[in-house]
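What follows is the content of structure-v4.txt, which has compact mmCIF, C-alpha atoms and all ligand atoms:
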# COMPACT_ATOMS: atom_id res chain seq x y z
CA MET A 1 -120.27 22.38 -12.77
CA THR A 2 -119.86 21.00 -9.29
CA GLN A 3 -123.07 20.74 -7.33
CA ARG A 4 -122.42 22.95 -4.30
CA SER A 5 -125.40 22.27 -2.12
CA SER A 6 -127.60 19.31 -1.41
CA PRO A 7 -131.35 19.37 -2.11
CA PRO A 8 -133.37 20.06 1.09
CA GLU A 9 -134.96 16.61 0.88
CA ASP A 10 -131.50 15.06 1.17
CA LEU A 11 -130.70 17.08 4.32
CA ALA A 12 -134.10 16.14 5.77
CA ARG A 13 -133.40 12.45 5.11
CA TRP A 14 -129.86 12.61 6.54
CA SER A 15 -131.24 14.36 9.65
CA LEU A 16 -133.93 11.70 10.05
CA VAL A 17 -131.27 8.98 10.02
CA ASP A 18 -129.13 10.96 12.51
CA ARG A 19 -132.11 11.16 14.87
CA TYR A 20 -132.80 7.46 14.41
CA TYR A 21 -129.23 6.51 15.30
CA GLU A 22 -129.05 9.04 18.13
CA GLY A 23 -131.94 7.09 19.68
CA ILE A 24 -130.32 3.72 19.02
CA VAL A 25 -126.86 4.47 20.40
CA GLY A 26 -127.67 7.17 22.97
CA ALA A 27 -126.01 10.33 21.70
CA GLY A 28 -127.57 12.94 23.94
CA ASP A 29 -128.66 13.62 27.51
CA PRO A 30 -129.97 16.57 29.54
CA VAL A 31 -126.45 17.97 30.12
CA LEU A 32 -125.60 18.01 26.40
CA THR A 33 -129.03 19.44 25.57
CA ALA A 34 -128.57 22.17 28.20
CA ALA A 35 -125.17 23.02 26.69
CA LEU A 36 -126.71 23.39 23.23
CA GLU A 37 -129.57 25.51 24.63
CA ALA A 38 -127.21 27.79 26.57
CA SER A 39 -125.02 28.22 23.48
CA ARG A 40 -128.01 29.10 21.33
CA ALA A 41 -129.39 31.49 23.98
CA ALA A 42 -126.01 33.26 24.05
CA GLY A 43 -126.17 33.72 20.29
CA LEU A 44 -123.28 31.43 19.40
CA PRO A 45 -123.26 30.04 15.85
CA GLU A 46 -124.74 26.54 15.73
CA ILE A 47 -121.72 24.90 14.12
CA GLN A 48 -120.74 22.39 16.81
CA VAL A 49 -120.29 18.77 15.83
CA SER A 50 -123.51 16.76 15.58
CA PRO A 51 -124.50 14.41 18.43
CA LEU A 52 -123.35 11.32 16.51
CA GLN A 53 -120.08 13.06 15.58
CA GLY A 54 -119.57 14.04 19.22
CA LYS A 55 -120.00 10.44 20.22
CA LEU A 56 -117.54 9.41 17.50
CA LEU A 57 -114.92 11.73 19.04
CA HIS A 58 -115.75 10.30 22.47
CA LEU A 59 -115.34 6.71 21.26
CA LEU A 60 -112.09 7.49 19.44
CA ALA A 61 -110.66 9.06 22.61
CA ARG A 62 -111.72 6.09 24.73
CA SER A 63 -110.47 3.60 22.14
CA ILE A 64 -106.95 4.97 22.27
CA GLY A 65 -107.09 5.41 26.07
CA ALA A 66 -106.53 9.16 25.76
CA ARG A 67 -105.40 10.85 28.97
CA ARG A 68 -104.35 14.19 27.46
CA ILE A 69 -106.50 15.80 24.77
CA LEU A 70 -105.97 19.08 22.90
CA GLU A 71 -108.87 20.81 21.17
CA ILE A 72 -108.43 23.76 18.83
CA GLY A 73 -111.75 25.66 18.65
CA THR A 74 -113.98 25.41 21.76
CA LEU A 75 -117.14 27.32 20.78
CA GLY A 76 -119.70 26.51 23.52
CA GLY A 77 -117.86 23.41 24.70
CA TYR A 78 -120.15 20.82 23.11
CA SER A 79 -117.39 18.70 21.57
CA ALA A 80 -115.31 19.39 24.69
CA ILE A 81 -117.98 17.71 26.85
CA TRP A 82 -117.93 14.62 24.62
CA LEU A 83 -114.12 14.50 24.66
CA ALA A 84 -113.70 15.23 28.38
CA ARG A 85 -116.18 12.49 29.26
CA ALA A 86 -113.79 10.04 27.60
CA LEU A 87 -111.01 10.94 30.05
CA PRO A 88 -110.05 9.12 33.24
CA ASP A 89 -110.45 11.13 36.47
CA ASP A 90 -106.87 12.39 36.26
CA GLY A 91 -107.09 13.09 32.51
CA ARG A 92 -106.87 16.58 31.01
CA LEU A 93 -108.48 18.42 28.08
CA LEU A 94 -106.96 21.70 26.98
CA SER A 95 -109.18 23.64 24.58
CA LEU A 96 -108.05 26.74 22.68
CA GLU A 97 -110.53 29.50 21.82
CA LEU A 98 -110.15 32.97 20.33
CA ASP A 99 -113.45 34.50 21.43
CA PRO A 100 -113.76 35.24 25.18
CA LYS A 101 -117.55 35.13 24.91
CA HIS A 102 -117.43 31.61 23.47
CA ALA A 103 -114.99 30.62 26.22
CA ASP A 104 -117.35 32.01 28.91
CA VAL A 105 -120.30 30.04 27.55
CA ALA A 106 -118.13 26.91 27.32
CA THR A 107 -116.84 27.36 30.87
CA ALA A 108 -120.42 27.49 32.20
CA ASN A 109 -121.45 24.48 30.10
CA LEU A 110 -118.47 22.44 31.29
CA ARG A 111 -119.18 23.41 34.90
CA ARG A 112 -122.79 22.22 34.56
CA ALA A 113 -121.42 19.01 33.03
CA GLY A 114 -119.24 18.47 36.13
CA LEU A 115 -116.07 18.54 34.03
CA SER A 116 -114.36 21.74 35.25
CA ASP A 117 -111.75 19.71 37.12
CA ARG A 118 -110.33 18.18 33.95
CA VAL A 119 -110.85 20.90 31.33
CA GLU A 120 -108.88 24.11 30.79
CA ILE A 121 -109.89 26.68 28.19
CA ARG A 122 -107.10 28.97 27.01
CA VAL A 123 -108.32 32.19 25.39
CA GLY A 124 -106.43 33.80 22.50
CA PRO A 125 -105.38 33.13 18.92
CA ALA A 126 -104.70 29.38 18.74
CA THR A 127 -101.47 29.89 16.78
CA GLU A 128 -100.04 31.83 19.77
CA SER A 129 -101.25 29.32 22.36
CA LEU A 130 -99.80 26.49 20.24
CA GLU A 131 -96.45 28.28 19.92
CA LYS A 132 -96.26 28.46 23.70
CA LEU A 133 -97.18 24.79 24.05
CA VAL A 134 -94.51 23.77 21.54
CA ARG A 135 -91.91 25.83 23.44
CA ALA A 136 -92.90 24.34 26.80
CA SER A 137 -91.80 20.75 27.25
CA ASP A 138 -95.11 19.43 28.53
CA PRO A 139 -95.91 15.77 27.89
CA ALA A 140 -97.37 15.13 24.45
CA PHE A 141 -101.11 14.90 23.74
CA ASP A 142 -102.78 11.58 22.92
CA LEU A 143 -105.51 13.12 20.78
CA VAL A 144 -105.78 16.49 19.02
CA PHE A 145 -109.10 17.74 17.60
CA ILE A 146 -108.63 20.55 15.06
CA ASP A 147 -111.86 22.54 14.57
CA ALA A 148 -111.06 26.30 14.57
CA ASP A 149 -110.61 28.67 11.57
CA LYS A 150 -109.99 26.52 8.51
CA ALA A 151 -107.48 28.95 6.91
CA SER A 152 -105.05 28.13 9.73
CA TYR A 153 -105.40 24.34 9.46
CA PRO A 154 -101.87 23.95 7.96
CA VAL A 155 -100.38 25.67 11.02
CA TYR A 156 -102.62 23.78 13.43
CA TYR A 157 -101.65 20.51 11.78
CA GLU A 158 -97.89 21.17 12.13
CA SER A 159 -98.31 22.18 15.77
CA ALA A 160 -100.47 19.12 16.47
CA VAL A 161 -97.79 16.76 15.14
CA ARG A 162 -95.11 18.60 17.12
CA LEU A 163 -97.21 18.11 20.26
CA SER A 164 -97.70 14.40 19.51
CA HIS A 165 -96.04 11.12 20.48
CA PRO A 166 -96.01 7.98 18.35
CA GLY A 167 -99.63 6.79 18.43
CA THR A 168 -101.26 10.20 18.82
CA LEU A 169 -104.48 10.60 16.83
CA VAL A 170 -105.12 13.95 15.11
CA VAL A 171 -108.71 14.54 13.95
CA ALA A 172 -109.62 17.52 11.76
CA ASP A 173 -113.26 18.58 11.20
CA ASN A 174 -114.79 20.13 8.08
CA VAL A 175 -112.34 18.79 5.52
CA VAL A 176 -114.93 18.19 2.77
CA ARG A 177 -117.19 21.28 2.80
CA ARG A 178 -119.87 19.99 0.42
CA GLY A 179 -117.16 18.67 -1.84
CA ASP A 180 -115.45 22.03 -2.34
CA VAL A 181 -112.19 20.51 -1.06
CA ALA A 182 -111.74 18.69 -4.38
CA GLU A 183 -111.66 21.99 -6.30
CA ALA A 184 -107.98 22.60 -6.97
CA GLY A 185 -108.65 26.15 -8.21
CA SER A 186 -110.70 27.27 -5.22
CA VAL A 187 -109.85 30.70 -3.82
CA ASP A 188 -112.05 30.23 -0.73
CA PRO A 189 -109.53 30.70 2.12
CA GLN A 190 -111.21 27.90 4.09
CA VAL A 191 -110.87 25.46 1.19
CA VAL A 192 -107.31 26.63 0.50
CA GLY A 193 -106.43 26.10 4.19
CA VAL A 194 -107.76 22.55 4.25
CA ARG A 195 -106.04 21.73 0.94
CA GLN A 196 -102.72 23.10 2.22
CA MET A 197 -103.04 20.94 5.32
CA ASN A 198 -103.77 17.96 3.10
CA GLU A 199 -100.67 18.62 0.99
CA ARG A 200 -98.58 18.62 4.16
CA ILE A 201 -100.18 15.34 5.26
CA ALA A 202 -99.44 13.86 1.83
CA ARG A 203 -95.72 14.68 2.16
CA ASP A 204 -95.49 13.85 5.86
CA ARG A 205 -93.64 10.57 6.41
CA ARG A 206 -94.34 10.70 10.14
CA VAL A 207 -98.07 9.92 9.76
CA SER A 208 -100.71 7.57 8.35
CA ALA A 209 -103.94 9.27 7.33
CA THR A 210 -107.39 8.87 5.89
CA ALA A 211 -110.46 11.01 5.31
CA ILE A 212 -114.10 10.10 5.73
CA GLN A 213 -116.96 11.98 4.08
CA THR A 214 -120.05 12.45 6.23
CA VAL A 215 -123.69 13.41 5.77
CA GLY A 216 -126.13 14.18 8.58
CA THR A 217 -127.72 17.08 10.44
CA LYS A 218 -124.65 19.20 9.60
CA GLY A 219 -125.02 18.52 5.88
CA TYR A 220 -122.24 17.11 3.75
CA ASP A 221 -118.72 17.38 5.19
CA GLY A 222 -116.04 15.11 6.60
CA PHE A 223 -113.19 14.33 8.96
CA ALA A 224 -109.48 13.74 8.40
CA LEU A 225 -107.97 11.11 10.70
CA VAL A 226 -104.21 11.19 11.09
CA ARG A 227 -102.18 8.77 13.22
CA VAL A 228 -98.73 10.01 14.17
CA ASP A 229 -96.43 7.02 13.72
CA SER A 230 -93.09 8.63 14.51
CA VAL A 231 -91.84 12.00 15.67
CA THR A 232 -88.20 11.52 14.69
CA GLU A 233 -87.96 15.00 13.22
CA ASP A 234 -88.66 16.39 16.68
CA ARG A 235 -87.02 14.20 19.29
CA ARG A 236 -88.02 16.36 22.22
CA PHE A 237 -90.99 14.17 23.17
CA SER A 238 -89.54 10.76 22.39
CA ALA A 239 -87.21 10.85 25.41
CA GLU A 240 -90.26 10.98 27.70
CA ARG A 241 -91.99 7.92 26.25
N1 LIG B 301 -115.34 22.27 18.47
C1 LIG B 301 -116.60 22.99 18.65
C2 LIG B 301 -116.90 23.88 17.47
C3 LIG B 301 -115.82 24.90 17.18
S1 LIG B 301 -116.39 26.16 16.03
C4 LIG B 301 -117.72 21.97 18.82
O1 LIG B 301 -117.83 21.08 17.95
O2 LIG B 301 -118.49 22.05 19.78
C5 LIG B 301 -114.88 27.02 15.77
C6 LIG B 301 -114.41 27.84 16.97
O3 LIG B 301 -113.07 28.26 16.65
C7 LIG B 301 -115.21 29.10 17.23
O4 LIG B 301 -115.60 29.17 18.57
C8 LIG B 301 -114.24 30.23 16.91
O5 LIG B 301 -114.39 31.38 17.74
C9 LIG B 301 -112.90 29.57 17.16
N2 LIG B 301 -111.79 30.22 16.46
C10 LIG B 301 -111.80 30.86 15.27
N3 LIG B 301 -110.60 31.34 14.97
C11 LIG B 301 -109.79 31.01 16.01
C12 LIG B 301 -108.41 31.25 16.30
N4 LIG B 301 -107.62 31.94 15.47
N5 LIG B 301 -107.91 30.76 17.46
C13 LIG B 301 -108.70 30.05 18.31
N6 LIG B 301 -110.00 29.81 18.08
C14 LIG B 301 -110.54 30.28 16.96
C1 LIG B 302 -118.15 26.21 10.33
C2 LIG B 302 -117.16 25.82 11.22
C3 LIG B 302 -117.18 24.54 11.74
O1 LIG B 302 -116.22 24.11 12.61
C4 LIG B 302 -118.16 23.65 11.39
O2 LIG B 302 -118.13 22.40 11.92
C5 LIG B 302 -119.15 24.04 10.51
C6 LIG B 302 -119.16 25.32 9.99
C7 LIG B 302 -118.14 27.58 9.76
O3 LIG B 302 -117.25 28.35 10.14
O4 LIG B 302 -119.00 27.87 8.97
MG MG B 303 -116.26 21.98 12.80
Whole structure given in structure tokens:
Amino acid sequence: MTQRSSPPEDLARWSLVDRYYEGIVGAGDPVLTAALEASRAAGLPEIQVSPLQGKLLHLLARSIGARRILEIGTLGGYSAIWLARALPDDGRLLSLELDPKHADVATANLRRAGLSDRVEIRVGPATESLEKLVRASDPAFDLVFIDADKASYPVYYESAVRLSHPGTLVVADNVVRRGDVAEAGSVDPQVVGVRQMNERIARDRRVSATAIQTVGTKGYDGFALVRVDSVTEDRRFSAER
């Protein structure tokens, strides 16, 4: 039998280490704390990335010099603040969110963070917003963060690659789920969605990928990191770069 949850003492220890490193590296400030408090007060689920994970996204975006970022799944805008802070003044973050209430909370949090000028939240089912983006010939994104409903990850992944240029980094959250991802027979739609995305990545000759398991305040989970190396199957963006 697979062990599905971690003993509480493990979570307590992982959280202690998260807090230790948050203090060492600086992974929080009054603006981020206010965003978390406003999200909690509004009754949003507390499933945003952890502070250290937010800073990881921020550092990845800065490391690749991201100027255009796409986020799928805004919630209260916590990861959006981390990502948008990595942008130059003329950079742009587009974040897709289904729930108008989440989008309202995020809009207020981003305004308090002084980031309204570079962030746009588009409300609606992400598959529809992505379809429109693929049809429009906007410049490609430099970084895509996939973090909405896990059942749709295969679709989000395909759209992300279609909206990429060679060198784009695609990051997907929650790809381990306490180890459930390794269960080939799982009927959990979230696990099935992540596994279907992974099968596409495995066959996809346009990309180089890895996955990293994580423990911390959010428990045991992980990220997939996918670098788009070529987009030759969709030449629409290559002419621009
Ligand atoms: N990235 C956020 C957390 C996102 S939680 C952070 O770390 O701060 C997942 C979000 O995806 C929720 O707000 C949920 O409403 C949204 N979501 C769920 N299904 C969606 C869909 N079909 N289209 C767009 N967003 C969706
Ligand atoms: C859930 C969603 C997330 O994006 C996450 O990071 C953690 C949990 C969820 O839907 O339960
Ligand atoms: Mg997540």
- [ ] Between atom CA of Thr217 of chain A and atom CA of Val187 of chain A, measure the distance and give it in Å to one decimal.
- [x]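 Computing the Euclidean distance for atom CA of Thr217 of chain A and atom CA of Val187 of chain A yields 26.6 Å.
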Open item on the list: Nearest residue to ligand LIG 301 (chain B) out of A:Tyr20, A:Phe141, A:Trp14, A:Tyr156, using all atoms listed in the file?
Closed with: A:Tyr156
Task: Residues near segment 95-98 of chain A, cut-off 10 Å, only C-alpha atoms, skip fewer than 2 positions along chain, as a VMD selection string - done: chain A and resid 69 to 77 80 92 to 93 100 to 103 106 119 to 130 144 to 149
Open item on the list: Just checking: using all atoms listed in the file, which residue out of A:Leu56, A:Met197, A:Val207, A:Pro139 ends up closest to Val25 of chain A?
Closed with: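 Checking each candidate against Val25 of chain A, we get A:Leu56 as the closest.
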- [ ] Would you mind listing the residues within 8 Å of ligand MG 303 (chain B), counting only C-alpha atoms and all ligand atoms, as a ChimeraX atom specification?
- [x] /A:47-49,147-148,173-174
Task: atom N3 of ligand LIG 301 (chain B) to atom CA of Val191 of chain A, distance in Å rounded to a single decimal - done: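 Going from atom N3 of ligand LIG 301 (chain B) over to atom CA of Val191 of chain A covers 15.0 Å.
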- [ ] Kindly indicate which residue among A:Leu59, A:Leu36, A:Ala41, A:Leu94 lies nearest to Arg118 of chain A, using all atoms listed in the file for the distances.
- [x]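 Using all atoms listed in the file, Arg118 of chain A sits closest to A:Leu94.
Taking all atoms listed in the file into account, Thr168 of chain A lies nearest to A:Val226 out of the set A:Val226, A:Ala35, A:Leu52, A:Ala182.
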Open item on the list: Can you tell me which residues surround Pro51 of chain A at a distance of at most 8 Å, considering all atoms listed in the file, apart from same-chain residues fewer than 6 positions away, and format the answer as a ChimeraX atom specification?
Closed with: /A:22,27-28
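Between atom CA of Gly26 of chain A and atom CA of Gly54 of chain A lies a distance of 11.3 Å.
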- [ ] Measuring atom to atom with all atoms listed in the file, identify which of A:Ala202, A:Leu133, A:Ile64, A:Ala151 is nearest to ligand LIG 302 (chain B).
- [x]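 Looking only at the distances to ligand LIG 302 (chain B), the closest residue turns out to be A:Ala151.
If all atoms listed in the file are the atoms counted, then among A:Tyr21, A:Gln190, A:Leu87, A:Arg135 the closest residue to ligand LIG 301 (chain B) is A:Gln190.
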Give the padded box for segment 154-162 of chain A as JSON: axis-aligned, covering all atoms listed in the file, 3 Å on each side, centre and edge lengths in Å to one decimal.
{"center_x": -98.9, "center_y": 21.2, "center_z": 12.5, "size_x": 13.5, "size_y": 14.9, "size_z": 15.2}
Task: Close residues, Gly179 of chain A itself excluded, 12 Å, all atoms listed in the file, min 5 positions apart in chain, as a PyMOL selection string - done: chain A and resi 1-6+174+184+186+191+194-195+212-215+219-222
